[in-house]
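Engineer: Got a structure for you, input.pdb, holding PDB, C-alpha atoms.
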ATOM      1  CA  MET A  16      77.253 126.458  69.516
ATOM      2  CA  ASN A  17      80.634 127.811  70.579
ATOM      3  CA  HIS A  18      83.336 125.093  70.640
ATOM      4  CA  CYS A  19      84.463 126.220  74.117
ATOM      5  CA  VAL A  20      80.943 125.786  75.442
ATOM      6  CA  ILE A  21      80.685 122.319  73.896
ATOM      7  CA  PHE A  22      84.046 121.353  75.440
ATOM      8  CA  THR A  23      82.987 122.666  78.848
ATOM      9  CA  ILE A  24      79.738 120.695  78.783
ATOM     10  CA  ALA A  25      81.512 117.517  77.703
ATOM     11  CA  LEU A  26      84.163 117.937  80.377
ATOM     12  CA  SER A  27      81.514 118.457  83.075
ATOM     13  CA  ILE A  28      79.769 115.222  82.031
ATOM     14  CA  ILE A  29      83.040 113.291  82.155
ATOM     15  CA  MET A  30      84.100 114.774  85.485
ATOM     16  CA  GLN A  31      80.709 114.543  87.234
ATOM     17  CA  PRO A  32      81.161 110.976  88.572
ATOM     18  CA  TYR A  33      84.625 111.878  89.818
ATOM     19  CA  CYS A  34      83.360 115.037  91.495
ATOM     20  CA  ASN A  35      80.491 113.143  93.086
ATOM     21  CA  GLY A  36      82.973 110.613  94.378
ATOM     22  CA  MET A  37      85.134 113.373  95.858
ATOM     23  CA  GLU A  38      82.063 114.960  97.431
ATOM     24  CA  ASN A  39      81.069 111.640  98.994
ATOM     25  CA  GLU A  40      84.616 111.130 100.240
ATOM     26  CA  MET A  41      84.560 114.517 101.966
ATOM     27  CA  LYS A  42      81.129 113.821 103.463
ATOM     28  CA  ASN A  43      82.347 110.539 104.895
ATOM     29  CA  LYS A  44      85.767 111.716 105.983
ATOM     30  CA  LEU A  45      85.829 111.078 109.711
ATOM     31  CA  SER A  46      88.712 113.454 110.369
ATOM     32  CA  SER A  47      86.493 116.451 109.537
ATOM     33  CA  PHE A  48      84.676 115.930 112.840
ATOM     34  CA  ILE A  49      87.764 116.797 114.899
ATOM     35  CA  ILE A  50      89.927 118.923 112.559
ATOM     36  CA  ASP A  51      89.206 121.263 109.644
ATOM     37  CA  GLU A  52      90.940 121.422 106.256
ATOM     38  CA  HIS A  53      93.738 123.502 107.814
ATOM     39  CA  TYR A  54      94.328 120.912 110.578
ATOM     40  CA  ARG A  55      92.837 123.136 113.240
ATOM     41  CA  PRO A  56      90.535 121.736 115.947
ATOM     42  CA  THR A  57      86.829 121.933 115.197
ATOM     43  CA  SER A  58      84.416 123.651 117.546
ATOM     44  CA  THR A  59      83.039 120.203 118.425
ATOM     45  CA  LEU A  60      86.441 118.984 119.570
ATOM     46  CA  LEU A  61      87.039 122.224 121.466
ATOM     47  CA  ASN A  62      83.717 121.729 123.207
ATOM     48  CA  ILE A  63      84.623 118.304 124.591
ATOM     49  CA  LEU A  64      88.042 119.588 125.647
ATOM     50  CA  LYS A  65      86.310 122.321 127.629
ATOM     51  CA  THR A  66      83.816 119.861 129.089
ATOM     52  CA  THR A  67      86.591 117.587 130.380
ATOM     53  CA  GLY A  68      88.691 120.476 131.719
ATOM     54  CA  ILE A  69      91.574 120.110 129.235
ATOM     55  CA  GLU A  70      93.581 123.347 129.119
ATOM     56  CA  HIS A  71      95.436 124.026 125.853
ATOM     57  CA  ASN A  72      96.698 126.869 123.641
ATOM     58  CA  GLY A  73      94.435 126.026 120.681
ATOM     59  CA  THR A  74      97.035 124.281 118.527
ATOM     60  CA  LEU A  75      96.625 120.663 117.494
ATOM     61  CA  GLU A  76     100.124 119.902 118.748
ATOM     62  CA  ASN A  77      99.350 121.160 122.249
ATOM     63  CA  ILE A  78      95.960 119.434 122.277
ATOM     64  CA  VAL A  79      97.756 116.158 121.481
ATOM     65  CA  THR A  80     100.146 116.720 124.393
ATOM     66  CA  GLU A  81      97.377 117.454 126.886
ATOM     67  CA  THR A  82      94.973 114.715 125.810
ATOM     68  CA  GLN A  83      97.765 112.128 125.792
ATOM     69  CA  LYS A  84      98.570 113.220 129.322
ATOM     70  CA  HIS A  85      95.027 113.180 130.682
ATOM     71  CA  TRP A  86      92.969 110.776 128.552
ATOM     72  CA  LEU A  87      95.205 107.824 127.765
ATOM     73  CA  ARG A  88      94.654 104.746 129.878
ATOM     74  CA  PRO A  89      97.439 103.846 132.330
ATOM     75  CA  ALA A  90     100.474 102.076 130.876
ATOM     76  CA  ASN A  91     100.203  98.274 130.692
ATOM     77  CA  LYS A  92      96.406  98.437 131.009
ATOM     78  CA  GLU A  93      94.083  97.094 128.325
ATOM     79  CA  ARG A  94      90.946  98.981 127.294
ATOM     80  CA  TRP A  95      88.699  96.706 129.312
ATOM     81  CA  GLU A  96      90.901  97.234 132.391
ATOM     82  CA  ASN A  97      90.704 101.024 132.334
ATOM     83  CA  GLU A  98      88.867 102.289 135.416
ATOM     84  CA  THR A  99      89.947 105.945 135.234
ATOM     85  CA  VAL A 100      87.249 108.319 136.479
ATOM     86  CA  PHE A 101      86.338 111.396 134.421
ATOM     87  CA  ILE A 102      83.933 114.173 135.344
ATOM     88  CA  LEU A 103      82.149 115.652 132.331
ATOM     89  CA  HIS A 104      80.589 119.048 132.954
ATOM     90  CA  HIS A 105      77.787 118.423 130.510
ATOM     91  CA  LYS A 106      74.182 117.355 131.004
ATOM     92  CA  ASN A 107      74.209 115.093 127.945
ATOM     93  CA  PRO A 108      77.615 113.421 127.323
ATOM     94  CA  SER A 109      76.086 111.153 124.681
ATOM     95  CA  LYS A 110      75.424 114.179 122.464
ATOM     96  CA  LEU A 111      79.055 115.245 122.780
ATOM     97  CA  PHE A 112      80.239 111.830 121.620
ATOM     98  CA  THR A 113      77.595 111.637 118.890
ATOM     99  CA  ASP A 114      78.707 115.002 117.492
ATOM    100  CA  LEU A 115      82.220 113.563 117.142
ATOM    101  CA  GLU A 116      80.956 110.354 115.448
ATOM    102  CA  LEU A 117      82.287 108.307 118.382
ATOM    103  CA  ILE A 118      79.338 106.136 119.358
ATOM    104  CA  GLN A 119      76.922 105.749 116.426
ATOM    105  CA  GLU A 120      77.106 103.248 113.555
ATOM    106  CA  ILE A 121      79.223 104.295 110.580
ATOM    107  CA  LYS A 122      78.023 102.751 107.304
ATOM    108  CA  PRO A 123      79.906 102.204 104.022
ATOM    109  CA  ALA A 124      79.479 104.815 101.304
ATOM    110  CA  GLN A 125      80.111 102.408  98.424
ATOM    111  CA  GLN A 126      79.129  98.915  97.319
ATOM    112  CA  GLN A 127      82.449  97.667  95.927
ATOM    113  CA  TYR A 128      85.935  97.480  97.496
ATOM    114  CA  ASN A 129      89.188  95.729  96.675
ATOM    115  CA  HIS A 130      89.993  94.655 100.235
ATOM    116  CA  VAL A 131      88.225  94.208 103.525
ATOM    117  CA  VAL A 132      90.400  94.698 106.597
ATOM    118  CA  LEU A 133      88.860  93.184 109.725
ATOM    119  CA  LEU A 134      90.614  94.720 112.709
ATOM    120  CA  GLY A 135      91.460  92.355 115.574
ATOM    121  CA  SER A 136      89.949  92.691 119.036
ATOM    122  CA  THR A 137      88.579  90.655 121.921
ATOM    123  CA  ILE A 138      86.290  87.717 121.271
ATOM    124  CA  GLN A 139      82.897  89.412 121.589
ATOM    125  CA  SER A 140      83.974  92.364 119.466
ATOM    126  CA  ILE A 141      85.358  90.049 116.788
ATOM    127  CA  ARG A 142      82.130  88.064 116.671
ATOM    128  CA  ASN A 143      80.149  91.287 116.362
ATOM    129  CA  ARG A 144      82.474  92.695 113.702
ATOM    130  CA  LEU A 145      82.261  89.519 111.645
ATOM    131  CA  ALA A 146      78.463  89.533 112.013
ATOM    132  CA  TYR A 147      78.468  93.156 110.823
ATOM    133  CA  LEU A 148      80.582  92.269 107.787
ATOM    134  CA  ILE A 149      78.206  89.422 106.896
ATOM    135  CA  THR A 150      75.278  91.854 107.162
ATOM    136  CA  LEU A 151      77.039  94.247 104.791
ATOM    137  CA  TRP A 152      77.585  91.381 102.342
ATOM    138  CA  ASN A 153      73.926  90.389 102.556
ATOM    139  CA  ASN A 154      73.037  94.032 101.813
ATOM    140  CA  GLY A 155      75.071  94.011  98.604
ATOM    141  CA  VAL A 156      78.537  95.240  99.633
ATOM    142  CA  ARG A 157      81.207  93.331  97.688
ATOM    143  CA  PHE A 158      84.992  92.898  98.044
ATOM    144  CA  ASP A 159      87.796  90.760  96.621
ATOM    145  CA  SER A 160      89.634  89.727  99.791
ATOM    146  CA  ILE A 161      89.199  89.585 103.568
ATOM    147  CA  ASN A 162      92.261  90.350 105.673
ATOM    148  CA  ILE A 163      92.132  89.806 109.421
ATOM    149  CA  LEU A 164      94.726  91.988 111.174
ATOM    150  CA  ALA A 165      95.417  90.175 114.437
ATOM    151  CA  GLY A 166      98.349  89.061 116.548
ATOM    152  CA  GLN A 167      99.820  86.698 119.056
ATOM    153  CA  ARG A 168      98.235  88.485 122.013
ATOM    154  CA  PRO A 169      97.570  85.899 124.727
ATOM    155  CA  LEU A 170      93.857  85.548 125.430
ATOM    156  CA  ASP A 171      92.539  87.195 128.582
ATOM    157  CA  LYS A 172      90.714  84.553 130.632
ATOM    158  CA  THR A 173      88.537  87.150 132.344
ATOM    159  CA  ILE A 174      86.785  88.124 129.090
ATOM    160  CA  GLU A 175      87.805  85.244 126.798
ATOM    161  CA  SER A 176      87.126  82.262 129.029
ATOM    162  CA  LEU A 177      86.567  78.678 127.915
ATOM    163  CA  GLU A 178      82.811  79.135 128.303
ATOM    164  CA  ILE A 179      82.776  82.221 126.067
ATOM    165  CA  LEU A 180      85.034  80.602 123.475
ATOM    166  CA  LEU A 181      82.731  77.613 123.103
ATOM    167  CA  ASP A 182      79.413  79.463 123.447
ATOM    168  CA  THR A 183      77.969  79.868 119.953
ATOM    169  CA  THR A 184      74.477  80.903 121.068
ATOM    170  CA  SER A 185      74.908  84.106 123.090
ATOM    171  CA  THR A 186      76.193  86.163 120.180
ATOM    172  CA  ALA A 187      74.942  88.217 117.253
ATOM    173  CA  LEU A 188      77.018  86.016 114.953
ATOM    174  CA  SER A 189      75.096  83.217 113.283
ATOM    175  CA  CYS A 190      77.023  79.988 113.927
ATOM    176  CA  LYS A 191      76.829  76.466 112.538
ATOM    177  CA  GLN A 192      74.473  74.353 114.629
ATOM    178  CA  SER A 193      76.701  71.318 114.191
ATOM    179  CA  TRP A 194      79.946  73.083 115.124
ATOM    180  CA  GLN A 195      82.321  71.263 117.456
ATOM    181  CA  LEU A 196      85.846  72.104 118.528
ATOM    182  CA  ASN A 197      88.330  70.195 116.392
ATOM    183  CA  GLY A 198      91.782  70.367 117.938
ATOM    184  CA  ALA A 199      93.312  72.382 120.754
ATOM    185  CA  LEU A 200      91.698  75.426 122.320
ATOM    186  CA  PRO A 201      93.024  78.758 121.032
ATOM    187  CA  THR A 202      95.541  80.574 123.215
ATOM    188  CA  THR A 203      96.196  83.685 121.106
ATOM    189  CA  GLU A 204      94.049  86.307 119.397
ATOM    190  CA  THR A 205      94.779  84.956 115.907
ATOM    191  CA  GLU A 206      93.937  81.373 116.897
ATOM    192  CA  MET A 207      90.731  82.616 118.513
ATOM    193  CA  ILE A 208      89.670  84.489 115.362
ATOM    194  CA  LYS A 209      90.367  81.437 113.201
ATOM    195  CA  MET A 210      88.098  79.445 115.523
ATOM    196  CA  ILE A 211      85.359  82.075 115.217
ATOM    197  CA  PHE A 212      85.541  81.884 111.421
ATOM    198  CA  ASP A 213      85.248  78.110 111.751
ATOM    199  CA  GLN A 214      82.214  78.498 114.039
ATOM    200  CA  ALA A 215      80.474  81.062 111.848
ATOM    201  CA  ASP A 216      77.871  80.366 109.217
ATOM    202  CA  LEU A 217      79.673  82.290 106.482
ATOM    203  CA  PRO A 218      78.179  83.210 103.089
ATOM    204  CA  SER A 219      78.874  80.402 100.630
ATOM    205  CA  GLU A 220      80.255  82.920  98.121
ATOM    206  CA  TRP A 221      83.164  83.581 100.473
ATOM    207  CA  ASN A 222      84.597  80.226  99.408
ATOM    208  CA  ASN A 223      85.785  82.091  96.302
ATOM    209  CA  ILE A 224      87.293  85.013  98.246
ATOM    210  CA  ALA A 225      90.820  85.048  99.661
ATOM    211  CA  ILE A 226      90.704  85.101 103.478
ATOM    212  CA  ASN A 227      94.079  86.015 104.987
ATOM    213  CA  PHE A 228      94.850  85.741 108.702
ATOM    214  CA  VAL A 229      97.692  88.124 109.557
ATOM    215  CA  GLU A 230      99.359  86.771 112.705
ATOM    216  CA  THR A 231     101.491  89.636 113.995
ATOM    217  CA  PRO A 232     104.183  88.635 116.532
ATOM    218  CA  MET A 233     104.435  90.123 119.993
ATOM    219  CA  GLN A 234     106.543  93.293 119.898
ATOM    220  CA  GLN A 235     109.800  93.908 121.738
ATOM    221  CA  THR A 236     109.927  97.018 123.940
ATOM    222  CA  GLU A 237     112.862  99.208 124.909
ATOM    223  CA  ASN A 238     113.181  97.524 128.313
ATOM    224  CA  ASP A 239     113.340  94.041 126.711
ATOM    225  CA  SER A 240     109.784  93.112 127.657
ATOM    226  CA  GLN A 241     107.056  92.265 125.176
ATOM    227  CA  ARG A 242     103.814  94.026 124.343
ATOM    228  CA  ARG A 243     100.876  92.954 122.240
ATOM    229  CA  PRO A 244     100.868  94.154 118.612
ATOM    230  CA  ASN A 245      98.783  97.272 118.002
ATOM    231  CA  THR A 246      96.902  98.364 114.874
ATOM    232  CA  HIS A 247     100.030  99.890 113.342
ATOM    233  CA  ASP A 248     102.031  96.679 113.873
ATOM    234  CA  THR A 249      99.352  94.578 112.182
ATOM    235  CA  ILE A 250      99.205  96.934 109.188
ATOM    236  CA  VAL A 251     102.964  96.645 108.684
ATOM    237  CA  GLU A 252     102.750  92.854 108.978
ATOM    238  CA  TRP A 253      99.935  92.664 106.403
ATOM    239  CA  ILE A 254     101.805  94.805 103.869
ATOM    240  CA  THR A 255     105.041  92.865 104.450
ATOM    241  CA  LEU A 256     103.566  89.362 104.248
ATOM    242  CA  TYR A 257     100.895  89.781 101.570
ATOM    243  CA  ASN A 258     101.978  92.820  99.523
ATOM    244  CA  PRO A 259      98.326  93.628  98.723
ATOM    245  CA  GLN A 260      97.489  95.266  95.433
ATOM    246  CA  ALA A 261      96.785  98.978  95.775
ATOM    247  CA  GLY A 262      93.134  99.936  95.829
ATOM    248  CA  SER A 263      90.158 100.585  98.058
ATOM    249  CA  ILE A 264      89.944  99.260 101.617
ATOM    250  CA  LEU A 265      86.813  98.775 103.684
ATOM    251  CA  ALA A 266      88.006  98.482 107.289
ATOM    252  CA  ILE A 267      85.681  96.843 109.835
ATOM    253  CA  SER A 268      85.938  98.183 113.368
ATOM    254  CA  SER A 269      83.372  99.156 116.020
ATOM    255  CA  GLN A 270      82.629 102.172 118.134
ATOM    256  CA  PRO A 271      84.245 104.001 119.818
ATOM    257  CA  PHE A 272      87.362 102.955 117.850
ATOM    258  CA  ILE A 273      86.339 103.711 114.255
ATOM    259  CA  GLY A 274      87.795 107.220 114.011
ATOM    260  CA  TYR A 275      91.032 106.233 115.744
ATOM    261  CA  GLN A 276      91.619 103.122 113.656
ATOM    262  CA  ASP A 277      90.673 104.928 110.451
ATOM    263  CA  ALA A 278      93.364 107.534 111.200
ATOM    264  CA  VAL A 279      95.959 104.833 111.949
ATOM    265  CA  LEU A 280      95.213 103.139 108.627
ATOM    266  CA  ARG A 281      95.457 106.422 106.716
ATOM    267  CA  ASN A 282      98.623 107.326 108.607
ATOM    268  CA  PHE A 283     100.548 104.128 107.887
ATOM    269  CA  LEU A 284      99.187 102.611 104.692
ATOM    270  CA  PRO A 285     100.883 103.495 101.375
ATOM    271  CA  LYS A 286      99.255 106.453  99.640
ATOM    272  CA  ASN A 287      97.959 104.315  96.761
ATOM    273  CA  PHE A 288      95.289 102.897  99.081
ATOM    274  CA  THR A 289      92.001 104.584  99.910
ATOM    275  CA  VAL A 290      90.463 103.801 103.289
ATOM    276  CA  GLU A 291      86.925 103.825 104.595
ATOM    277  CA  THR A 292      86.374 102.552 108.143
ATOM    278  CA  VAL A 293      82.939 101.468 109.320
ATOM    279  CA  GLY A 294      81.331  99.554 112.161
ATOM    280  CA  TYR A 295      78.462  99.092 114.535
ATOM    281  CA  GLU A 296      77.403 101.472 117.290
ATOM    282  CA  CYS A 297      78.513 101.465 120.917
ATOM    283  CA  SER A 298      76.648  99.264 123.314
ATOM    284  CA  ASN A 299      74.661 100.952 126.072
ATOM    285  CA  ASP A 300      77.290 100.085 128.656
ATOM    286  CA  TYR A 301      80.110 102.010 126.972
ATOM    287  CA  LYS A 302      82.614 103.594 129.328
ATOM    288  CA  ILE A 303      83.663 107.224 129.130
ATOM    289  CA  PRO A 304      87.365 106.408 129.875
ATOM    290  CA  THR A 305      87.418 104.035 126.879
ATOM    291  CA  ILE A 306      85.899 106.664 124.592
ATOM    292  CA  LEU A 307      88.312 109.397 125.684
ATOM    293  CA  ASP A 308      91.287 107.038 125.414
ATOM    294  CA  SER A 309      90.267 106.248 121.839
ATOM    295  CA  LEU A 310      89.685 109.927 121.044
ATOM    296  CA  ALA A 311      93.169 110.821 122.331
ATOM    297  CA  ARG A 312      94.693 108.226 119.993
ATOM    298  CA  TRP A 313      92.569 109.527 117.122
ATOM    299  CA  ILE A 314      93.755 113.114 117.675
ATOM    300  CA  TYR A 315      97.377 111.935 117.887
ATOM    301  CA  ASN A 316      97.218 110.127 114.539
ATOM    302  CA  GLU A 317      95.451 113.036 112.818
ATOM    303  CA  TYR A 318      98.279 115.249 114.061
ATOM    304  CA  GLN A 319     100.858 112.809 112.652
ATOM    305  CA  ILE A 320      99.047 112.913 109.313
ATOM    306  CA  SER A 321      98.950 116.723 109.381
ATOM    307  CA  LYS A 322     102.740 116.906 109.803
ATOM    308  CA  LYS A 323     103.167 115.024 106.520
ATOM    309  CA  HIS A 324     101.227 117.772 104.717
ATOM    310  CA  GLN A 325     103.011 120.760 106.219
TER     311      GLN A 325
END
Can the structure in the file be given as C-alpha cells, please?
Structural biologist:
Amino acid sequence: MNHCVIFTIALSIIMQPYCNGMENEMKNKLSSFIIDEHYRPTSTLLNILKTTGIEHNGTLENIVTETQKHWLRPANKERWENETVFILHHKNPSKLFTDLELIQEIKPAQQQYNHVVLLGSTIQSIRNRLAYLITLWNNGVRFDSINILAGQRPLDKTIESLEILLDTTSTALSCKQSWQLNGALPTTETEMIKMIFDQADLPSEWNNIAINFVETPMQQTENDSQRRPNTHDTIVEWITLYNPQAGSILAISSQPFIGYQDAVLRNFLPKNFTVETVGYECSNDYKIPTILDSLARWIYNEYQISKKHQ
C-alpha cells in the first residue's frame, strides 16, 4: 500500500475524535441561531425582527442599536418588574422563540467538565437551577468544581419574602426534611444562595468537590449611585478571586437567558476556556418582554464578540 495512503488513513483515525468534537461544538453553538459564520443575522432572527416591527438596515450593528432601543427593559427595572407591552404580528409566538432556542431546555453535549458555573438569580430560579444541576449529576454528568456567580444584590421582598425563603416544600429542589434556619436570615443574593445550598439534599459525592461562592460587590455607577452586579461583573470577580484553571465550563442558567448568558461568558472569559451553557425550559407563564429583553442582550454580546474577530 502506498505510504501516503497509509499516512492519510492513520491521520484520519487520530483526528476523528477531534473532528467529532468540533462537529458537536458547532451543533451546540447557540450563536448559530441568531448569526451565521460571517456574523450576519440569520433568517430566524430577521423573522422575529419583522414580527416585532423593528426596522433596520440588515447589519448586526444596526440591529443591536434598534433592539437595544426597543426591547431593553426600562432603566432601573429588574426583569420581574418589566411590564412593557409588545405586539407580535404572528399567530404562534412560541414557535418564533423556539426557533431561536429561547424557551426550550438546552442539554449538555458532554459528560465531563472542569468547572460548573451556576449563574445567580432570584430565589425560585436558583432553586430550580440547583435542582437541574443535581439531575445532571444523577444522569452521569461530572465536574471538578462548582462556582456560584452571585452578588450583594439586596433581596426583593416581593419575590423573595420570608415565607418563600423558609418554604422548602413548594419547590422542585429536594430539601433536607430536618432543615432549620441556623443564624440570621439572608439579606443578599449570595447569602440566600448559601442558605439554599444548606437547605438542599445535595449528592454526597459533592463533599469532595470544591464549591465556591463568588460574592460580587455592588457596582458604582457614573452618577455615584450603586447597581447590582451583572453577569459580566460576577465573571470578573470569579477570575480575580479564584484564578480558575483553564478548561471546560458547564454554565447552568435557565430559559430565556441561556443564549444571552452564554454569549456574555464567551465574550468576557479568557480564550483558554470553553463554554457550554445549559438549563431548563421556560415556564408556561413566561413574559414576552422578558424574552425580548434577553434576546436584545444576547444580540449585543454576539456583536461584541464579532468585533474581536474582524
Engineer: Which distance in Å separates atom CA of A:Thr249 and atom CA of A:Ala266, to one decimal?
Structural biologist: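 Spanning atom CA of A:Thr249 to atom CA of A:Ala266 is a straight-line distance of 13.0 Å.
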Engineer: Check which residues satisfy the PyMOL selection byres ((chain A and resi 200) around 12) in the file shown, then give them as a CSV table (one decimal) with C-alpha atoms, keeping the file's coordinate frame.
Structural biologist:
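Ended up saving to result06.csv:
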chain,number,residue,atom,x,y,z
A,170,LEU,CA,93.9,85.5,125.4
A,175,GLU,CA,87.8,85.2,126.8
A,176,SER,CA,87.1,82.3,129.0
A,177,LEU,CA,86.6,78.7,127.9
A,178,GLU,CA,82.8,79.1,128.3
A,179,ILE,CA,82.8,82.2,126.1
A,180,LEU,CA,85.0,80.6,123.5
A,181,LEU,CA,82.7,77.6,123.1
A,195,GLN,CA,82.3,71.3,117.5
A,196,LEU,CA,85.8,72.1,118.5
A,197,ASN,CA,88.3,70.2,116.4
A,198,GLY,CA,91.8,70.4,117.9
A,199,ALA,CA,93.3,72.4,120.8
A,201,PRO,CA,93.0,78.8,121.0
A,202,THR,CA,95.5,80.6,123.2
A,203,THR,CA,96.2,83.7,121.1
A,204,GLU,CA,94.0,86.3,119.4
A,205,THR,CA,94.8,85.0,115.9
A,206,GLU,CA,93.9,81.4,116.9
A,207,MET,CA,90.7,82.6,118.5
A,208,ILE,CA,89.7,84.5,115.4
A,209,LYS,CA,90.4,81.4,113.2
A,210,MET,CA,88.1,79.4,115.5
A,211,ILE,CA,85.4,82.1,115.2
Engineer: Just how far from atom CA of A:Arg144 is atom CA of A:Trp221, in Å to one decimal?
Structural biologist: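 Computing the Euclidean distance for atom CA of A:Trp221 and atom CA of A:Arg144 yields 16.1 Å.
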Engineer: Expressed in Å to a single decimal, how great is the separation between atom CA of A:Asn107 and atom CA of A:Ile174?
Structural biologist: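 Distance between the two atoms: 29.8 Å.
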Engineer: Determine the nearest neighbour of A:Leu134 from the options A:Gln234, A:Thr292, A:Gln214, A:Ser47, counting all atoms listed in the file.
Structural biologist: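 Under the stated criterion, the closest residue is A:Thr292.
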Engineer: Could you check which of A:Ile224, A:Leu111, A:Ile161, A:Ala124 is closest to A:Ile303, using all atoms listed in the file?
Structural biologist: A:Leu111
Engineer: Please enumerate the residues selected by the PyMOL selection byres ((chain A and resi 187) around 8) when evaluated against the supplied file, formatted as a PyMOL selection string.
Structural biologist: chain A and resi 142-143+146+185-186+188-189
Engineer: Given 8 Å on each side, where is the centre and what are the edge lengths in Å to one decimal of the axis-aligned box enclosing the listed atoms of stretch 161-165 of chain A, as AutoDock Vina command-line options?
Structural biologist:
--center_x 92.3 --center_y 90.8 --center_z 109.0 --size_x 22.2 --size_y 18.4 --size_z 26.9
Engineer: Show me, as a PDB file with C-alpha atoms, in the frame of the given file, the residues that have an atom within 10 Å of A:Pro232 when counting only C-alpha atoms, minus same-chain residues fewer than 4 positions from it.
Structural biologist:
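Saved result, part.pdb, follows:
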ATOM      1  CA  ALA A 165      95.417  90.175 114.437  1.00  0.00           C
ATOM      2  CA  GLY A 166      98.349  89.061 116.548  1.00  0.00           C
ATOM      3  CA  GLN A 167      99.820  86.698 119.056  1.00  0.00           C
ATOM      4  CA  ARG A 168      98.235  88.485 122.013  1.00  0.00           C
ATOM      5  CA  GLN A 241     107.056  92.265 125.176  1.00  0.00           C
ATOM      6  CA  ARG A 242     103.814  94.026 124.343  1.00  0.00           C
ATOM      7  CA  ARG A 243     100.876  92.954 122.240  1.00  0.00           C
ATOM      8  CA  PRO A 244     100.868  94.154 118.612  1.00  0.00           C
ATOM      9  CA  ASP A 248     102.031  96.679 113.873  1.00  0.00           C
ATOM     10  CA  THR A 249      99.352  94.578 112.182  1.00  0.00           C
ATOM     11  CA  GLU A 252     102.750  92.854 108.978  1.00  0.00           C
TER      12      GLU A 252
END
Engineer: Can you pull out the residues contacting A:His247? Cut-off 12 Å, using all atoms listed in the file, and skip same-chain residues under 4 positions away; I want them as a PyMOL selection string.
Structural biologist: chain A and resi 134-135+164-166+231+234+243+251-254+275-284+312+316
Engineer: Skipping near chain neighbours, those fewer than 5 positions away, what residues fall within 10 Å of A:Ser321 using only C-alpha atoms, listed as a VMD selection string?
Structural biologist: chain A and resid 50 52 to 55 75 to 76 282 315 to 316
Engineer: Using all atoms listed in the file for the distances, tell me which of A:Thr137, A:Asn129, A:Thr173, A:Asn62 is nearest to A:Phe158.
Structural biologist: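 Closest to A:Phe158, using all atoms listed in the file: A:Asn129.
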Engineer: Name the closest residue to A:Phe48 among the candidates A:Asp239, A:Asp216, A:Glu116, A:Asp159; distances are taken between atoms, counting all atoms listed in the file.
Structural biologist: A:Glu116
